[in-house]
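> Provided herewith: final37.cif, mmCIF, C-alpha atoms.
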```
data_input
#
loop_
_atom_site.group_PDB
_atom_site.id
_atom_site.type_symbol
_atom_site.label_atom_id
_atom_site.label_comp_id
_atom_site.auth_asym_id
_atom_site.auth_seq_id
_atom_site.Cartn_x
_atom_site.Cartn_y
_atom_site.Cartn_z
ATOM 1 C CA MET A 297 -0.338 -1.831 -26.542
ATOM 2 C CA PRO A 298 -3.180 -0.721 -24.217
ATOM 3 C CA HIS A 299 -6.422 0.355 -25.785
ATOM 4 C CA ARG A 300 -6.560 4.142 -25.889
ATOM 5 C CA CYS A 301 -10.079 4.143 -24.396
ATOM 6 C CA SER A 302 -9.389 1.393 -21.855
ATOM 7 C CA GLY A 303 -8.855 3.498 -18.726
ATOM 8 C CA SER A 304 -11.750 4.998 -16.772
ATOM 9 C CA ASN A 305 -10.114 8.422 -17.017
ATOM 10 C CA ARG A 306 -10.436 8.173 -20.812
ATOM 11 C CA TRP A 307 -14.232 7.848 -20.757
ATOM 12 C CA LEU A 308 -14.935 11.533 -21.378
ATOM 13 C CA ALA A 309 -12.308 11.710 -24.100
ATOM 14 C CA CYS A 310 -13.984 8.881 -25.972
ATOM 15 C CA LEU A 311 -17.378 10.408 -25.319
ATOM 16 C CA ALA A 312 -16.164 13.731 -26.656
ATOM 17 C CA ALA A 313 -14.931 12.020 -29.804
ATOM 18 C CA ALA A 314 -18.414 10.663 -30.349
ATOM 19 C CA ALA A 315 -19.993 14.044 -29.689
ATOM 20 C CA LEU A 316 -17.695 15.921 -32.042
ATOM 21 C CA THR A 317 -18.398 13.575 -34.932
ATOM 22 C CA THR A 318 -22.158 13.346 -34.493
ATOM 23 C CA GLY A 319 -24.187 15.917 -36.456
ATOM 24 C CA ALA A 320 -27.262 17.485 -34.874
ATOM 25 C CA ALA A 321 -29.432 16.661 -37.851
ATOM 26 C CA GLY A 322 -27.675 13.457 -38.927
ATOM 27 C CA SER A 323 -28.540 9.951 -37.832
ATOM 28 C CA VAL A 324 -27.079 9.103 -34.466
ATOM 29 C CA GLN A 325 -25.968 5.761 -35.879
ATOM 30 C CA ALA A 326 -24.417 7.059 -39.095
ATOM 31 C CA GLY A 327 -21.013 7.896 -40.503
ATOM 32 C CA THR A 328 -17.806 8.302 -38.571
ATOM 33 C CA ALA A 329 -19.666 8.701 -35.289
ATOM 34 C CA THR A 330 -20.240 4.962 -35.264
ATOM 35 C CA GLY A 331 -16.520 4.186 -35.297
ATOM 36 C CA ALA A 332 -15.630 6.857 -32.742
ATOM 37 C CA ALA A 333 -18.271 5.942 -30.205
ATOM 38 C CA THR A 334 -18.031 2.159 -30.542
ATOM 39 C CA GLU A 335 -14.260 2.110 -30.141
ATOM 40 C CA TRP A 336 -14.360 1.806 -26.362
ATOM 41 C CA THR A 337 -17.017 -0.908 -26.549
ATOM 42 C CA GLN A 338 -14.625 -3.223 -28.382
ATOM 43 C CA LEU A 339 -12.604 -4.025 -25.268
ATOM 44 C CA ALA A 340 -11.836 -7.725 -25.300
ATOM 45 C CA ASN A 341 -11.481 -7.880 -21.521
ATOM 46 C CA ASN A 342 -14.939 -8.068 -19.932
ATOM 47 C CA ALA A 343 -13.670 -7.081 -16.483
ATOM 48 C CA GLN A 344 -12.013 -3.994 -17.981
ATOM 49 C CA LEU A 345 -15.242 -3.094 -19.756
ATOM 50 C CA VAL A 346 -17.280 -3.426 -16.556
ATOM 51 C CA ASP A 347 -14.785 -1.319 -14.588
ATOM 52 C CA LEU A 348 -15.000 1.393 -17.251
ATOM 53 C CA LEU A 349 -18.789 1.419 -17.177
ATOM 54 C CA LYS A 350 -18.879 1.482 -13.374
ATOM 55 C CA SER A 351 -16.801 4.670 -13.362
ATOM 56 C CA SER A 352 -18.747 6.415 -16.106
ATOM 57 C CA GLY A 353 -22.060 7.284 -14.452
ATOM 58 C CA ILE A 354 -20.970 10.244 -12.332
ATOM 59 C CA GLN A 355 -18.789 11.648 -15.121
ATOM 60 C CA VAL A 356 -21.604 11.531 -17.672
ATOM 61 C CA ASP A 357 -24.062 13.018 -15.194
ATOM 62 C CA ASN A 358 -21.666 15.898 -14.480
ATOM 63 C CA GLN A 359 -21.179 16.516 -18.194
ATOM 64 C CA LEU A 360 -24.937 16.609 -18.792
ATOM 65 C CA THR A 361 -25.355 19.029 -15.888
ATOM 66 C CA GLN A 362 -22.768 21.363 -17.424
ATOM 67 C CA ILE A 363 -24.375 21.101 -20.868
ATOM 68 C CA SER A 364 -27.808 21.865 -19.430
ATOM 69 C CA GLN A 365 -26.489 24.872 -17.503
ATOM 70 C CA LEU A 366 -24.785 26.220 -20.620
ATOM 71 C CA ALA A 367 -27.995 25.803 -22.652
ATOM 72 C CA GLU A 368 -29.871 27.756 -19.975
ATOM 73 C CA GLN A 369 -27.272 30.533 -20.025
ATOM 74 C CA ILE A 370 -27.538 30.772 -23.822
ATOM 75 C CA GLN A 371 -31.334 30.817 -23.567
ATOM 76 C CA ASN A 372 -31.190 33.773 -21.153
ATOM 77 C CA GLN A 373 -28.583 35.610 -23.207
ATOM 78 C CA LEU A 374 -30.569 35.276 -26.435
ATOM 79 C CA LYS A 375 -33.601 36.733 -24.654
ATOM 80 C CA ILE A 376 -31.513 39.771 -23.727
ATOM 81 C CA TYR A 377 -30.514 40.179 -27.380
ATOM 82 C CA GLU A 378 -34.184 39.906 -28.401
ATOM 83 C CA ASN A 379 -35.064 42.735 -26.038
ATOM 84 C CA MET A 380 -32.173 44.811 -27.393
ATOM 85 C CA LEU A 381 -33.358 44.273 -30.969
ATOM 86 C CA GLN A 382 -36.859 45.452 -30.103
ATOM 87 C CA ASN A 383 -35.362 48.804 -29.120
ATOM 88 C CA THR A 384 -33.117 49.277 -32.136
ATOM 89 C CA ALA A 385 -33.361 48.932 -35.903
ATOM 90 C CA GLN A 386 -30.718 46.225 -36.051
ATOM 91 C CA LEU A 387 -28.089 44.743 -33.748
ATOM 92 C CA PRO A 388 -24.607 46.137 -34.439
ATOM 93 C CA SER A 389 -22.030 43.774 -35.897
ATOM 94 C CA HIS A 390 -20.044 43.320 -32.672
ATOM 95 C CA VAL A 391 -23.209 42.292 -30.806
ATOM 96 C CA TRP A 392 -24.295 40.006 -33.637
ATOM 97 C CA GLY A 393 -20.887 38.367 -33.403
ATOM 98 C CA GLN A 394 -21.803 37.321 -29.852
ATOM 99 C CA VAL A 395 -25.136 36.006 -31.105
ATOM 100 C CA GLU A 396 -23.363 33.888 -33.711
ATOM 101 C CA SER A 397 -21.006 32.516 -31.064
ATOM 102 C CA ASP A 398 -23.904 31.619 -28.741
ATOM 103 C CA LEU A 399 -25.892 29.918 -31.509
ATOM 104 C CA ASN A 400 -22.869 27.966 -32.662
ATOM 105 C CA GLN A 401 -22.316 26.852 -29.063
ATOM 106 C CA LEU A 402 -25.933 25.763 -28.985
ATOM 107 C CA ARG A 403 -25.351 23.624 -32.070
ATOM 108 C CA SER A 404 -22.403 22.027 -30.256
ATOM 109 C CA ILE A 405 -24.606 21.306 -27.225
ATOM 110 C CA VAL A 406 -27.020 19.406 -29.448
ATOM 111 C CA ASP A 407 -24.110 17.412 -30.882
ATOM 112 C CA GLN A 408 -22.833 16.516 -27.427
ATOM 113 C CA GLY A 409 -26.245 15.290 -26.290
ATOM 114 C CA GLN A 410 -26.518 13.103 -29.371
ATOM 115 C CA GLY A 411 -23.035 11.721 -28.753
ATOM 116 C CA ILE A 412 -23.828 10.809 -25.142
ATOM 117 C CA ALA A 413 -27.080 9.092 -26.134
ATOM 118 C CA PHE A 414 -25.224 7.123 -28.795
ATOM 119 C CA SER A 415 -22.436 6.039 -26.424
ATOM 120 C CA MET A 416 -24.764 5.015 -23.593
ATOM 121 C CA GLY A 417 -26.947 3.106 -26.049
ATOM 122 C CA ASN A 418 -23.832 1.267 -27.197
ATOM 123 C CA ALA A 419 -23.014 0.392 -23.584
ATOM 124 C CA ASP A 420 -26.419 -1.251 -23.228
ATOM 125 C CA ASP A 421 -25.971 -3.191 -26.481
ATOM 126 C CA VAL A 422 -22.539 -4.498 -25.517
ATOM 127 C CA LEU A 423 -23.565 -5.586 -22.026
ATOM 128 C CA GLN A 424 -26.580 -7.430 -23.403
ATOM 129 C CA GLN A 425 -24.387 -9.203 -25.949
ATOM 130 C CA ARG A 426 -21.674 -10.225 -23.493
ATOM 131 C CA PHE A 427 -23.635 -11.011 -20.323
ATOM 132 C CA GLN A 428 -26.816 -13.055 -20.352
ATOM 133 C CA SER A 429 -27.461 -12.089 -16.737
ATOM 134 C CA TYR A 430 -27.589 -8.429 -17.806
ATOM 135 C CA ALA A 431 -29.803 -9.199 -20.804
ATOM 136 C CA ASP A 432 -32.226 -11.005 -18.474
ATOM 137 C CA LEU A 433 -32.668 -7.928 -16.282
ATOM 138 C CA LYS A 434 -35.847 -5.981 -16.872
ATOM 139 C CA ALA A 435 -35.421 -2.228 -17.165
ATOM 140 C CA ASN A 436 -38.069 0.034 -15.702
ATOM 141 C CA LEU A 437 -38.925 1.345 -19.161
ATOM 142 C CA PRO A 438 -42.298 1.421 -20.967
ATOM 143 C CA SER A 439 -43.252 -1.438 -23.307
ATOM 144 C CA ASN A 440 -40.249 -3.543 -22.228
ATOM 145 C CA ALA A 441 -37.945 -1.264 -24.243
ATOM 146 C CA THR A 442 -34.169 -1.499 -23.938
ATOM 147 C CA PHE A 443 -32.022 1.456 -22.992
ATOM 148 C CA SER A 444 -30.455 1.276 -26.439
ATOM 149 C CA SER A 445 -33.804 1.713 -28.208
ATOM 150 C CA THR A 446 -34.896 4.378 -25.708
ATOM 151 C CA TYR A 447 -31.757 6.441 -26.343
ATOM 152 C CA GLN A 448 -32.410 6.138 -30.082
ATOM 153 C CA SER A 449 -35.985 7.323 -29.547
ATOM 154 C CA TRP A 450 -34.744 10.265 -27.455
ATOM 155 C CA SER A 451 -32.298 11.194 -30.195
ATOM 156 C CA ASN A 452 -34.935 11.017 -32.925
ATOM 157 C CA THR A 453 -37.374 13.123 -30.903
ATOM 158 C CA ASN A 454 -34.711 15.719 -30.170
ATOM 159 C CA ARG A 455 -33.752 16.035 -33.836
ATOM 160 C CA ASP A 456 -37.397 16.226 -34.942
ATOM 161 C CA THR A 457 -38.175 18.924 -32.372
ATOM 162 C CA ILE A 458 -35.212 21.019 -33.490
ATOM 163 C CA ALA A 459 -36.149 20.550 -37.161
ATOM 164 C CA SER A 460 -39.698 21.706 -36.381
ATOM 165 C CA SER A 461 -38.425 24.863 -34.667
ATOM 166 C CA LEU A 462 -36.115 25.641 -37.586
ATOM 167 C CA LYS A 463 -38.886 25.052 -40.105
ATOM 168 C CA ALA A 464 -41.083 27.604 -38.330
ATOM 169 C CA ALA A 465 -38.367 30.177 -39.089
ATOM 170 C CA SER A 466 -38.127 29.013 -42.730
ATOM 171 C CA LEU A 467 -34.877 27.205 -41.999
ATOM 172 C CA THR A 468 -33.815 23.605 -42.477
ATOM 173 C CA ALA A 469 -31.887 21.280 -40.196
ATOM 174 C CA ASP A 470 -29.129 21.102 -42.816
ATOM 175 C CA GLN A 471 -28.440 24.801 -42.327
ATOM 176 C CA PHE A 472 -27.420 24.094 -38.727
ATOM 177 C CA ASP A 473 -25.751 20.746 -39.359
ATOM 178 C CA SER A 474 -22.159 22.004 -39.130
ATOM 179 C CA GLU A 475 -20.289 25.055 -37.912
ATOM 180 C CA GLU A 476 -19.673 26.234 -41.477
ATOM 181 C CA ASP A 477 -23.354 25.919 -42.452
ATOM 182 C CA THR A 478 -24.444 27.557 -39.205
ATOM 183 C CA MET A 479 -22.176 30.544 -39.693
ATOM 184 C CA SER A 480 -23.257 30.922 -43.324
ATOM 185 C CA SER A 481 -26.950 30.886 -42.344
ATOM 186 C CA LEU A 482 -26.435 33.384 -39.543
ATOM 187 C CA ARG A 483 -24.497 35.778 -41.769
ATOM 188 C CA SER A 484 -27.419 35.809 -44.209
ATOM 189 C CA MET A 485 -29.926 36.383 -41.410
ATOM 190 C CA SER A 486 -27.873 39.223 -39.935
ATOM 191 C CA GLU A 487 -28.529 41.394 -42.984
ATOM 192 C CA THR A 488 -32.031 42.401 -41.831
ATOM 193 C CA ALA A 489 -33.675 43.087 -38.493
ATOM 194 C CA ASP A 490 -36.360 40.490 -39.332
ATOM 195 C CA GLY A 491 -33.672 37.887 -40.032
ATOM 196 C CA GLN A 492 -31.912 38.694 -36.781
ATOM 197 C CA MET A 493 -35.143 38.406 -34.812
ATOM 198 C CA LYS A 494 -35.968 35.022 -36.406
ATOM 199 C CA ALA A 495 -32.512 33.703 -35.543
ATOM 200 C CA LEU A 496 -32.813 34.905 -31.947
ATOM 201 C CA GLN A 497 -36.303 33.487 -31.513
ATOM 202 C CA VAL A 498 -35.507 30.074 -32.944
ATOM 203 C CA GLY A 499 -32.250 29.971 -30.976
ATOM 204 C CA HIS A 500 -34.065 30.832 -27.769
ATOM 205 C CA GLU A 501 -36.633 28.115 -28.464
ATOM 206 C CA ILE A 502 -34.021 25.452 -29.241
ATOM 207 C CA ALA A 503 -32.014 26.407 -26.131
ATOM 208 C CA ALA A 504 -35.140 25.959 -23.983
ATOM 209 C CA GLN A 505 -35.774 22.597 -25.637
ATOM 210 C CA GLN A 506 -32.219 21.460 -24.905
ATOM 211 C CA VAL A 507 -32.539 22.337 -21.229
ATOM 212 C CA ALA A 508 -35.577 20.037 -21.051
ATOM 213 C CA GLN A 509 -34.081 17.353 -23.302
ATOM 214 C CA MET A 510 -30.818 17.161 -21.346
ATOM 215 C CA GLN A 511 -32.862 16.725 -18.182
ATOM 216 C CA LYS A 512 -34.618 13.765 -19.812
ATOM 217 C CA LEU A 513 -31.266 12.370 -20.955
ATOM 218 C CA ARG A 514 -29.906 12.670 -17.414
ATOM 219 C CA GLY A 515 -32.920 10.721 -16.203
ATOM 220 C CA LEU A 516 -32.232 7.943 -18.710
ATOM 221 C CA VAL A 517 -28.547 7.766 -17.781
ATOM 222 C CA SER A 518 -29.475 7.654 -14.093
ATOM 223 C CA GLN A 519 -31.930 4.794 -14.699
ATOM 224 C CA GLN A 520 -29.362 2.902 -16.729
ATOM 225 C CA MET A 521 -26.636 3.303 -14.119
ATOM 226 C CA THR A 522 -29.042 2.206 -11.364
ATOM 227 C CA MET A 523 -29.881 -0.953 -13.293
ATOM 228 C CA MET A 524 -26.220 -1.528 -14.049
ATOM 229 C CA GLY A 525 -25.433 -1.146 -10.336
ATOM 230 C CA THR A 526 -28.128 -3.685 -9.459
ATOM 231 C CA TRP A 527 -26.695 -6.108 -12.011
ATOM 232 C CA LEU A 528 -23.120 -5.651 -10.782
ATOM 233 C CA GLN A 529 -24.204 -6.173 -7.178
ATOM 234 C CA THR A 530 -26.036 -9.371 -8.134
ATOM 235 C CA GLU A 531 -23.031 -10.572 -10.136
ATOM 236 C CA GLN A 532 -20.726 -9.930 -7.164
ATOM 237 C CA THR A 533 -23.109 -11.648 -4.760
ATOM 238 C CA ASP A 534 -23.206 -14.715 -7.003
ATOM 239 C CA LYS A 535 -19.404 -14.735 -7.240
ATOM 240 C CA ASP A 536 -19.040 -14.419 -3.462
ATOM 241 C CA LEU A 537 -21.509 -17.251 -2.917
ATOM 242 C CA ALA A 538 -19.706 -19.486 -5.409
ATOM 243 C CA GLN A 539 -16.363 -18.686 -3.750
ATOM 244 C CA ALA A 540 -17.764 -19.502 -0.316
ATOM 245 C CA ARG A 541 -19.057 -22.839 -1.582
ATOM 246 C CA ARG A 542 -15.684 -23.663 -3.125
ATOM 247 C CA GLU A 543 -13.867 -22.813 0.076
ATOM 248 C CA LYS A 544 -16.304 -24.877 2.127
ATOM 249 C CA PHE A 545 -15.829 -27.827 -0.223
ATOM 250 C CA PHE A 546 -12.033 -27.723 -0.269
ATOM 251 C CA ASN A 547 -11.687 -26.940 3.423
ATOM 252 C CA ALA A 548 -14.020 -29.706 4.520
ATOM 253 C CA GLU A 549 -12.386 -32.104 6.935
ATOM 254 C CA VAL A 550 -11.253 -35.265 5.227
ATOM 255 C CA LYS A 551 -11.914 -38.315 7.307
ATOM 256 C CA SER A 552 -8.573 -39.715 8.356
ATOM 257 C CA VAL A 553 -7.732 -43.286 7.532
ATOM 258 C CA PRO A 554 -7.213 -45.420 10.703
ATOM 259 C CA GLU A 555 -3.526 -46.082 11.334
ATOM 260 C CA GLY A 556 -2.301 -49.329 9.825
ATOM 261 C CA GLN A 557 -5.356 -49.826 7.652
ATOM 262 C CA LYS A 558 -4.487 -50.707 4.097
ATOM 263 C CA MET A 559 -6.045 -48.591 1.406
ATOM 264 C CA GLU A 560 -7.630 -50.982 -1.040
ATOM 265 C CA PRO A 561 -10.789 -51.076 -3.115
ATOM 266 C CA ARG A 562 -13.808 -52.695 -1.568
ATOM 267 C CA TRP A 563 -16.250 -54.523 -3.753
#
```
Hey, can you dump this file as C-alpha cells for me?

Amino acid sequence: MPHRCSGSNRWLACLAAAALTTGAAGSVQAGTATGAATEWTQLANNAQLVDLLKSSGIQVDNQLTQISQLAEQIQNQLKIYENMLQNTAQLPSHVWGQVESDLNQLRSIVDQGQGIAFSMGNADDVLQQRFQSYADLKANLPSNATFSSTYQSWSNTNRDTIASSLKAASLTADQFDSEEDTMSSLRSMSETADGQMKALQVGHEIAAQQVAQMQKLRGLVSQQMTMMGTWLQTEQTDKDLAQARREKFFNAEVKSVPEGQKMEPRW
C-alpha cells in the first residue's frame, strides 16, 4: 500500500495536518503534532523522499504568501473596527461576530506557521540523518546553526511575542490556545467597550507580528530550499561523473588476442 504522504501532491495535505494539530501556545514538538508532521518523513525510499522535498519549496512559499496576506487583511480590518468602536459606546453583536471570526482566523494563522516550521525542521533532521553529504553542507546561518534548530528558535520567539502581547491585555496564551478557548475569551470581552477595545488592539498587534514573522519564515524556507538545491545538484553531478567513469571503463577497447595465440598463464 503506498504511503498516504508519499506523492508530491500530498505535501500540503500533510503540512495541513501538522498545522491543524499544533497549538499556538503549545510546544512545536509536543503531542499529536509530532506524529502528524513526522509521518511523511518516515518514507523508507530515499529517492521518493528527495523527490517530495524537491517539489515542496514553491508550494510552501505560496502557502506562506497566502497566510501573510490574510494576516495583513485581518490587521487592516481590526483597525477599522477599532475606529468604529471609538465612535460608539460598544460594537453591536453582529459586528462583534465578525471580530470573533477574524480573531479566530488569526489564531489559525499562528497554528499554520508553527506547523510549517515544524515540518521544515523535520525535513532538515531527516536529510541530515540519511545523507552524510547533506549533513556536511554548511548553511548560511549564524553560529553554525542547523535549519532544524533555527525553525525551533523562530517558533519559540513567535510564541513568546504573542504571549507578551496577550499579557499586556491581561490575557494568557492558554486563552487563545484553541478555538473553544478563543471564543470563550472573546465572548467575555465583548460584554464591555473596554474589553472589546483590548481584544481589537491585541488582535491588531498580533496580526502585525504575524505579517513580519511569516516573512521571516519565508526567508528561512527560501534559504533551506536553496541549500537543498545546491546539495541535489552536487549529488547529481557526482552521480553523472561516476556513471561516466563506469561507461568509460566498460567501453574501453580490449586489446585483441593475436589469432592463433594460445591463452595461457605466463610466469
> Quick one: pull the distance between atom CA of Met510 of chain A and atom CA of Ala469 of chain A, Å, one decimal.
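According to the coordinates, atom CA of Met510 of chain A and atom CA of Ala469 of chain A are separated by 19.3 Å.
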> Could you tell me which of A:Thr522, A:Ser364, A:Ser397, A:Gln505 comes closest to Arg483 of chain A if we count all atoms listed in the file?
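Using all atoms listed in the file, Arg483 of chain A sits closest to A:Ser397.
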> Do you have, as CSV, the list of residues of segment 381-422 of chain A lying at most 10 Å from segment 429-447 of chain A, each with its nearest atom pair and that distance in Å to one decimal, counting all atoms listed in the file and ordered by chain then number?

```
residue,atom,partner,partner_atom,distance
A:Gln410,CA,A:Tyr447,CA,9.0
A:Ile412,CA,A:Tyr447,CA,9.1
A:Ala413,CA,A:Tyr447,CA,5.4
A:Phe414,CA,A:Tyr447,CA,7.0
A:Ser415,CA,A:Ser444,CA,9.3
A:Met416,CA,A:Ser444,CA,7.4
A:Gly417,CA,A:Ser444,CA,4.0
A:Asn418,CA,A:Ser444,CA,6.7
A:Ala419,CA,A:Ser444,CA,8.0
A:Asp420,CA,A:Ser444,CA,5.7
A:Asp421,CA,A:Ser444,CA,6.3
A:Val422,CA,A:Ser444,CA,9.8
```
> Excluding Trp392 of chain A and residues on its chain fewer than 2 positions from it, collect all residues at most 10 Å away from it, counting only C-alpha atoms, and give them as a PyMOL selection string.
chain A and resi 377+386-390+394-398+482-483+486+492
> Have a look at A:Ala459, A:Ile502, A:Leu516, A:Met521 and name the one nearest to Ile370 of chain A; count all atoms listed in the file.
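For Ile370 of chain A, the nearest of the candidates is A:Ile502.
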> Can you give me, as a list in words, the residues this file yields under the PyMOL selection byres ((chain A and resi 376) around 12)?
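Output from the PyMOL selection byres ((chain A and resi 376) around 12), applied to this file: Gln369, Ile370, Gln371, Asn372, Gln373, Leu374, Lys375, Tyr377, Glu378, Asn379, Met380, Leu381, Gln382, Asn383, Leu387, Val391, Gln394, Val395, Met493, Leu496, Gln497 and His500 of chain A.
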> Which is closest to Ser451 of chain A among A:Ile354, A:Leu513, A:Ala385, A:Ala508, if we use all atoms listed in the file?
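Smallest separation from Ser451 of chain A among the options: A:Leu513.
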> For the atom pair atom CA of Ser480 of chain A and atom CA of Asn454 of chain A, what is the interatomic distance in Å to one decimal place?
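Spanning atom CA of Ser480 of chain A to atom CA of Asn454 of chain A is a straight-line distance of 23.1 Å.
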> To one decimal place, how far is atom CA of Gly411 of chain A from atom CA of Gln428 of chain A in Å?
26.4 Å
> Looking at A:Thr526, A:Leu366, A:Glu501, A:Ser466, which one is nearest to Met485 of chain A, with distances taken over all atoms listed in the file?
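Selected residue with least distance to Met485 of chain A: A:Ser466.
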> Using only C-alpha atoms, find the one residue out of A:Thr530, A:Lys512, A:Gly353, A:Gln365 that sits nearest to Trp450 of chain A.
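Answer, going by the shortest atom-to-atom distance: A:Lys512.
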